[in-house]
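What's in protein14.txt: compact mmCIF, C-alpha atoms
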# COMPACT_ATOMS: atom_id res chain seq x y z
CA MET W 919 0.00 0.00 0.00
CA GLN W 920 1.36 3.41 -0.93
CA LEU W 921 2.10 5.98 1.75
CA ASN W 922 -0.69 8.30 0.58
CA SER W 923 -3.24 5.50 0.88
CA VAL W 924 -2.05 4.67 4.38
CA MET W 925 -2.28 8.29 5.50
CA ASN W 926 -5.75 8.68 4.00
CA THR W 927 -6.93 5.60 5.86
CA ILE W 928 -5.48 6.81 9.16
CA ILE W 929 -6.84 10.34 8.83
CA GLY W 930 -10.17 8.89 7.78
CA GLY W 931 -10.49 7.22 11.17
CA ASP W 932 -10.13 3.47 10.58
CA TYR W 933 -6.81 3.19 12.42
CA MET W 934 -6.77 6.22 14.68
CA PRO W 935 -5.04 5.01 17.85
CA THR W 936 -7.02 5.38 21.08
CA LEU W 937 -6.91 3.81 24.53
CA TYR W 938 -10.45 2.58 23.90
CA SER W 939 -8.89 -0.30 21.98
CA ILE W 940 -7.73 -1.91 25.25
CA LYS W 941 -11.28 -1.99 26.63
CA PRO W 942 -11.88 -5.72 25.86
CA ALA W 943 -8.84 -6.73 27.92
CA PHE W 944 -9.92 -4.43 30.75
CA GLN W 945 -13.41 -5.94 30.66
CA ASN W 946 -11.99 -9.44 31.00
CA LEU W 947 -10.27 -8.40 34.23
CA LEU W 948 -13.52 -6.98 35.58
CA ARG W 949 -15.82 -9.83 34.54
CA PRO W 950 -15.61 -11.76 37.86
CA LEU W 951 -16.59 -8.58 39.74
CA VAL W 952 -19.51 -8.05 37.37
CA GLY W 953 -20.81 -11.51 38.16
CA ARG W 954 -20.65 -10.84 41.89
CA LEU W 955 -22.47 -7.51 41.54
CA VAL W 956 -25.28 -9.12 39.58
CA ALA W 957 -25.48 -11.91 42.17
CA ILE W 958 -26.17 -9.41 44.96
CA GLY W 959 -28.85 -7.66 42.93
CA ALA W 960 -26.96 -4.62 41.61
CA THR W 961 -28.13 -3.17 38.28
CA ALA W 962 -26.35 -1.51 35.37
CA ASN W 963 -28.27 1.72 35.92
CA GLN W 964 -27.20 1.85 39.56
CA VAL W 965 -23.58 1.51 38.53
CA THR W 966 -23.98 4.24 35.90
CA VAL W 967 -25.51 6.65 38.39
CA ALA W 968 -22.83 5.81 40.97
CA ALA W 969 -20.09 6.72 38.47
CA THR W 970 -21.72 10.10 37.85
CA ILE W 971 -22.23 10.85 41.54
CA ILE W 972 -18.62 10.00 42.39
CA SER W 973 -17.34 12.22 39.56
CA VAL W 974 -19.53 15.19 40.50
CA ALA W 975 -18.68 14.87 44.20
CA THR W 976 -14.96 14.74 43.43
CA GLY W 977 -15.06 17.70 41.07
CA GLY W 978 -17.11 19.69 43.56
CA LEU W 979 -14.74 18.94 46.42
CA ILE W 980 -11.70 20.03 44.43
CA ALA W 981 -13.47 23.16 43.21
CA LEU W 982 -14.32 24.11 46.80
CA PHE W 983 -10.71 23.74 47.96
CA PRO W 984 -8.53 24.34 44.86
CA ALA W 985 -5.63 25.59 46.97
CA THR W 986 -5.44 22.19 48.68
CA THR W 987 -3.41 20.68 45.87
CA PRO W 988 -3.14 17.14 47.35
CA LEU W 989 -6.85 16.82 46.68
CA PHE W 990 -6.00 16.60 42.99
CA TRP W 991 -4.66 13.12 43.69
CA LEU W 992 -8.31 12.10 43.91
CA LEU W 993 -8.70 12.74 40.20
CA PRO W 994 -6.50 9.92 38.83
CA LEU W 995 -8.16 7.52 41.28
CA VAL W 996 -11.68 8.63 40.41
CA LEU W 997 -10.95 8.66 36.68
CA PHE W 998 -9.81 5.04 36.94
CA ILE W 999 -12.82 4.08 39.05
CA ARG W 1000 -15.13 5.81 36.58
CA MET W 1001 -13.54 3.95 33.67
CA ALA W 1002 -14.02 0.66 35.53
CA LEU W 1003 -17.64 1.45 36.38
CA ASN W 1004 -18.33 2.42 32.77
CA ALA W 1005 -17.01 -0.95 31.64
CA ILE W 1006 -18.96 -2.76 34.35
CA ASP W 1007 -22.34 -1.20 33.57
CA GLY W 1008 -21.85 -2.00 29.90
CA MET W 1009 -21.15 -5.67 30.62
CA MET W 1010 -24.09 -5.89 33.01
CA ALA W 1011 -26.35 -4.44 30.32
CA ARG W 1012 -25.12 -6.65 27.49
CA GLU W 1013 -24.28 -9.92 29.20
CA PHE W 1014 -26.99 -10.04 31.86
CA GLY W 1015 -29.96 -8.64 29.94
CA GLN W 1016 -30.06 -5.33 31.80
CA ALA W 1017 -29.95 -3.09 28.74
CA SER W 1018 -32.71 -0.46 28.69
CA LYS W 1019 -33.63 2.79 27.00
CA LEU W 1020 -33.30 4.58 30.33
CA GLY W 1021 -29.85 3.07 30.71
CA ALA W 1022 -28.80 4.49 27.35
CA TYR W 1023 -29.85 7.98 28.46
CA LEU W 1024 -28.16 7.62 31.85
CA ASN W 1025 -24.96 6.38 30.26
CA GLU W 1026 -24.55 9.16 27.71
CA VAL W 1027 -25.80 12.03 29.89
CA GLY W 1028 -23.87 10.76 32.88
CA ASP W 1029 -20.64 10.69 30.87
CA VAL W 1030 -21.06 14.31 29.82
CA ILE W 1031 -21.86 15.46 33.36
CA SER W 1032 -18.88 13.54 34.73
CA ASP W 1033 -16.54 14.98 32.11
CA VAL W 1034 -17.56 18.54 32.90
CA ALA W 1035 -17.35 17.99 36.67
CA LEU W 1036 -13.82 16.62 36.46
CA ILE W 1037 -12.50 19.09 33.88
CA LEU W 1038 -13.70 22.46 35.20
CA PRO W 1039 -11.74 22.44 38.51
CA PHE W 1040 -8.54 22.79 36.50
CA SER W 1041 -9.61 26.34 35.63
CA LEU W 1042 -8.85 27.29 39.25
CA VAL W 1043 -5.20 26.23 39.00
CA SER W 1044 -2.37 28.28 37.51
CA PRO W 1045 -1.24 28.43 34.72
CA PHE W 1046 -4.51 27.12 33.27
CA THR W 1047 -7.13 29.65 32.23
CA ALA W 1048 -10.90 29.45 32.35
CA PRO W 1049 -11.35 29.96 28.57
CA GLY W 1050 -8.95 27.14 27.75
CA VAL W 1051 -10.46 24.72 30.26
CA VAL W 1052 -14.02 25.56 29.24
CA ALA W 1053 -13.11 25.16 25.57
CA PHE W 1054 -11.81 21.68 26.33
CA ALA W 1055 -14.96 20.80 28.28
CA ILE W 1056 -17.15 21.96 25.38
CA THR W 1057 -15.18 20.06 22.73
CA ALA W 1058 -15.23 16.94 24.93
CA ILE W 1059 -19.03 17.18 25.01
CA ILE W 1060 -19.17 17.67 21.25
CA THR W 1061 -16.91 14.68 20.69
CA GLU W 1062 -19.23 12.38 22.63
CA TYR W 1063 -22.35 13.92 21.05
CA VAL W 1064 -20.95 13.26 17.59
CA GLY W 1065 -20.24 9.68 18.63
CA VAL W 1066 -23.89 9.22 19.67
CA LEU W 1067 -25.12 10.75 16.41
CA GLY W 1068 -23.49 7.86 14.60
CA VAL W 1069 -26.36 5.68 15.82
CA MET W 1070 -28.92 8.01 14.21
CA THR W 1071 -27.13 8.02 10.87
CA GLY W 1072 -26.68 4.25 10.75
CA GLY W 1073 -22.95 4.23 11.40
CA GLY W 1074 -23.14 2.96 14.97
CA ARG W 1075 -21.83 4.57 18.16
CA GLY W 1076 -18.53 6.23 17.30
CA TYR W 1077 -15.49 5.71 19.49
CA ASP W 1078 -12.88 6.78 16.96
CA GLY W 1079 -9.73 8.54 18.19
CA PRO W 1080 -7.33 10.00 18.58
CA PHE W 1081 -8.63 11.68 21.76
CA GLY W 1082 -11.60 9.83 23.14
CA LYS W 1083 -12.86 9.45 26.70
CA SER W 1084 -10.10 7.13 27.88
CA ASP W 1085 -7.41 9.32 26.34
CA ARG W 1086 -8.87 12.42 27.99
CA ALA W 1087 -8.89 10.60 31.32
CA LEU W 1088 -5.21 9.70 30.96
CA ALA W 1089 -4.25 13.29 30.14
CA LEU W 1090 -6.28 14.73 33.00
CA GLY W 1091 -4.93 12.12 35.39
CA ILE W 1092 -1.33 13.01 34.58
CA LEU W 1093 -1.97 16.74 35.02
CA ALA W 1094 -3.81 16.12 38.29
CA ALA W 1095 -0.95 13.97 39.60
CA LEU W 1096 1.54 16.74 38.84
CA ILE W 1097 -0.64 19.29 40.66
CA GLY W 1098 -1.27 16.92 43.56
CA SER W 1099 2.47 16.39 43.95
CA GLY W 1100 2.92 20.10 44.56
CA ILE W 1101 4.86 20.67 41.35
CA THR W 1102 4.73 24.24 40.09
CA LEU W 1103 3.66 24.00 36.47
CA PRO W 1104 5.53 26.27 34.04
CA PRO W 1105 3.62 28.99 32.15
CA SER W 1106 3.91 26.96 28.95
CA PHE W 1107 1.44 24.46 30.43
CA GLY W 1108 -1.20 27.13 30.00
CA TRP W 1109 -1.48 25.91 26.42
CA MET W 1110 -2.34 22.36 27.45
CA PHE W 1111 -6.10 22.78 27.58
CA PRO W 1112 -6.40 24.80 24.36
CA ALA W 1113 -4.27 22.12 22.69
CA MET W 1114 -6.49 19.35 24.07
CA ALA W 1115 -9.53 21.29 22.89
CA LEU W 1116 -8.13 21.33 19.36
CA LEU W 1117 -7.34 17.63 19.58
CA SER W 1118 -10.88 16.94 20.76
CA ALA W 1119 -12.29 19.01 17.89
CA PHE W 1120 -10.23 16.95 15.46
CA THR W 1121 -11.51 13.78 17.11
CA ALA W 1122 -15.10 14.96 16.66
CA LEU W 1123 -14.44 15.63 12.97
CA ASN W 1124 -12.83 12.24 12.62
CA ARG W 1125 -15.86 10.58 14.19
CA VAL W 1126 -18.14 12.32 11.70
CA ARG W 1127 -16.04 11.11 8.78
CA ALA W 1128 -15.71 7.57 10.14
CA GLY W 1129 -19.42 7.40 10.99
CA LEU W 1130 -20.43 8.49 7.49
CA ARG W 1131 -18.08 5.94 6.00
CA ARG W 1132 -19.57 3.14 8.08
CA ALA W 1133 -23.12 4.30 7.32
CA ASN W 1134 -22.44 4.32 3.59
CA SER W 1135 -20.51 1.05 3.42
Give the structure from the file, written as structure tokens.
Amino acid sequence: MQLNSVMNTIIGGDYMPTLYSIKPAFQNLLRPLVGRLVAIGATANQVTVAATIISVATGGLIALFPATTPLFWLLPLVLFIRMALNAIDGMMAREFGQASKLGAYLNEVGDVISDVALILPFSLVSPFTAPGVVAFAITAIITEYVGVLGVMTGGGRGYDGPFGKSDRALALGILAALIGSGITLPPSFGWMFPAMALLSAFTALNRVRAGLRRANS
């Protein structure tokens, strides 16, 4: 295959790298826990709501005490827990017959609420600025909205990269760990959120292109 063809395929979205690709392996690790949760009567919707509540509570706590930088260590932990709970509710829905229309709403809306709650506290930390952080939050929402629109157009739910939910979580977790460690971030880091906003915008565009391709294939 010629280089131009390879680049067109990658830019088109078929091979955009994203951490979402490791989800099946992560699910296999969680499967025994899923079985135990179902055995005690837990439901997928309960897990979905729990993930949202934990995210909002964490974001709110950090926003209330932004000067207490060690609190930012909660973010990597909560981001990992949220990722695990997102995988768990999906398996409970698919593998144990708990899928529902309400669950679909809770899952998508809960993800957006959680994203915003965990992103906005960064606007209170130097050298990040409110416009940059808010821009990232907005483009993250758009990215997920575009992914959902793939279902309406017949292309299926879009998870194309390069900067999906799992990738955003990794980036935010690293930044939070640096802040939580008491490291003074250089002024150049002020460009991190605008840069991530641009990357998210590109991801949204890539999901549109990939979704149209799948719908028309």
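Compared by their closest atoms to Met1110 (chain W), and using only C-alpha atoms, the residues W:Leu1003, W:Met1010, W:Val1030, W:Ala1089 rank with W:Ala1089 nearest.
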**OP:** Measuring atom to atom with all atoms listed in the file, identify which of W:Ile1059, W:Ile971, W:Ala962, W:Ala981 is nearest to Gly1015 (chain W).
**Re:** W:Ala962
Subject >> Proximity to Leu989 (chain W) - best of W:Leu947, W:Leu1036, W:Ala957, W:Ala1094, all atoms listed in the file >> reply: W:Ala1094
**OP:** State, in Å with one decimal place, the distance from CA of Val1034 (chain W) to CA of Ser1099 (chain W).
**Re:** 23.0 Å
Which residues, written as a CSV table (one decimal) with C-alpha atoms, in the coordinates of the input, have at least one atom at most 12 Å from region 964-969 of chain W, with only C-alpha atoms counted and residues fewer than 4 positions away on the same chain left out?
chain,number,residue,atom,x,y,z
W,952,VAL,CA,-19.5,-8.0,37.4
W,955,LEU,CA,-22.5,-7.5,41.5
W,956,VAL,CA,-25.3,-9.1,39.6
W,959,GLY,CA,-28.8,-7.7,42.9
W,960,ALA,CA,-27.0,-4.6,41.6
W,973,SER,CA,-17.3,12.2,39.6
W,974,VAL,CA,-19.5,15.2,40.5
W,975,ALA,CA,-18.7,14.9,44.2
W,976,THR,CA,-15.0,14.7,43.4
W,996,VAL,CA,-11.7,8.6,40.4
W,997,LEU,CA,-11.0,8.7,36.7
W,998,PHE,CA,-9.8,5.0,36.9
W,999,ILE,CA,-12.8,4.1,39.0
W,1000,ARG,CA,-15.1,5.8,36.6
W,1001,MET,CA,-13.5,4.0,33.7
W,1002,ALA,CA,-14.0,0.7,35.5
W,1003,LEU,CA,-17.6,1.4,36.4
W,1004,ASN,CA,-18.3,2.4,32.8
W,1005,ALA,CA,-17.0,-1.0,31.6
W,1006,ILE,CA,-19.0,-2.8,34.4
W,1007,ASP,CA,-22.3,-1.2,33.6
W,1008,GLY,CA,-21.8,-2.0,29.9
W,1009,MET,CA,-21.2,-5.7,30.6
W,1010,MET,CA,-24.1,-5.9,33.0
W,1011,ALA,CA,-26.4,-4.4,30.3
W,1016,GLN,CA,-30.1,-5.3,31.8
W,1017,ALA,CA,-30.0,-3.1,28.7
W,1020,LEU,CA,-33.3,4.6,30.3
W,1021,GLY,CA,-29.8,3.1,30.7
W,1022,ALA,CA,-28.8,4.5,27.4
W,1023,TYR,CA,-29.8,8.0,28.5
W,1024,LEU,CA,-28.2,7.6,31.8
W,1025,ASN,CA,-25.0,6.4,30.3
W,1026,GLU,CA,-24.6,9.2,27.7
W,1027,VAL,CA,-25.8,12.0,29.9
W,1028,GLY,CA,-23.9,10.8,32.9
W,1029,ASP,CA,-20.6,10.7,30.9
W,1030,VAL,CA,-21.1,14.3,29.8
W,1031,ILE,CA,-21.9,15.5,33.4
W,1032,SER,CA,-18.9,13.5,34.7
W,1033,ASP,CA,-16.5,15.0,32.1
W,1035,ALA,CA,-17.4,18.0,36.7
W,1036,LEU,CA,-13.8,16.6,36.5
Original post:
Could you pull the residues within 12 Å of Ser1106 (chain W), counting all atoms listed in the file, minus those fewer than 6 positions along the same chain, as an MDAnalysis selection string?
Top reply: chainID W and resid 1044:1047 1112:1113
Original post:
Counting all atoms listed in the file, what is within 12 Å of Val1066 (chain W), bar same-chain residues fewer than 2 positions away, as a PyMOL selection string?
Top reply: chain W and resi 1022-1023+1025-1027+1029-1030+1059-1064+1068-1078+1122+1125-1126+1129
**OP:** Figure out the distance between CA of Thr961 (chain W) and CA of Ser1018 (chain W), please, to one decimal in Å.
**Re:**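 Pair CA of Ser1018 (chain W) / CA of Thr961 (chain W) returns 11.0 Å.
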**OP:** Write out as a count of residues only which residues come within 8 Å of Ala1058 (chain W) when counting all atoms listed in the file, dropping same-chain ones fewer than 6 positions away.
**Re:** 4
Original post:
Separation of CA of Gly1108 (chain W) and CA of Ala1053 (chain W), in Å?
Top reply: 12.9 Å
**OP:** Counting all atoms listed in the file, figure out which residue out of W:Thr1057, W:Thr970, W:Thr986, W:Thr1102 gets nearest to Leu1117 (chain W).
**Re:**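 Once distances to Leu1117 (chain W) are computed over all atoms listed in the file, the minimum belongs to W:Thr1057.
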Mind giving me the axis-aligned box for region 982-991 of chain W with 3 Å on every side, centre plus edges in Å to one decimal, as AutoDock Vina command-line options?
--center_x -8.7 --center_y 19.4 --center_z 45.8 --size_x 17.2 --size_y 18.5 --size_z 11.7
Original post:
Nearest to Leu993 (chain W) among W:Pro1104, W:Gly1091, W:Gly953, W:Gly1082, with distances taken over only C-alpha atoms: which residue is it?
Top reply: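 Looking only at the distances to Leu993 (chain W), the closest residue turns out to be W:Gly1091.
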Original post:
Given the choices W:Ser1041, W:Gln945, W:Asn963, W:Thr987, which gets closest to Phe1111 (chain W) if the distance is worked out from only C-alpha atoms?
Top reply: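 Ranked by minimum distance to Phe1111 (chain W), first place goes to W:Ser1041.
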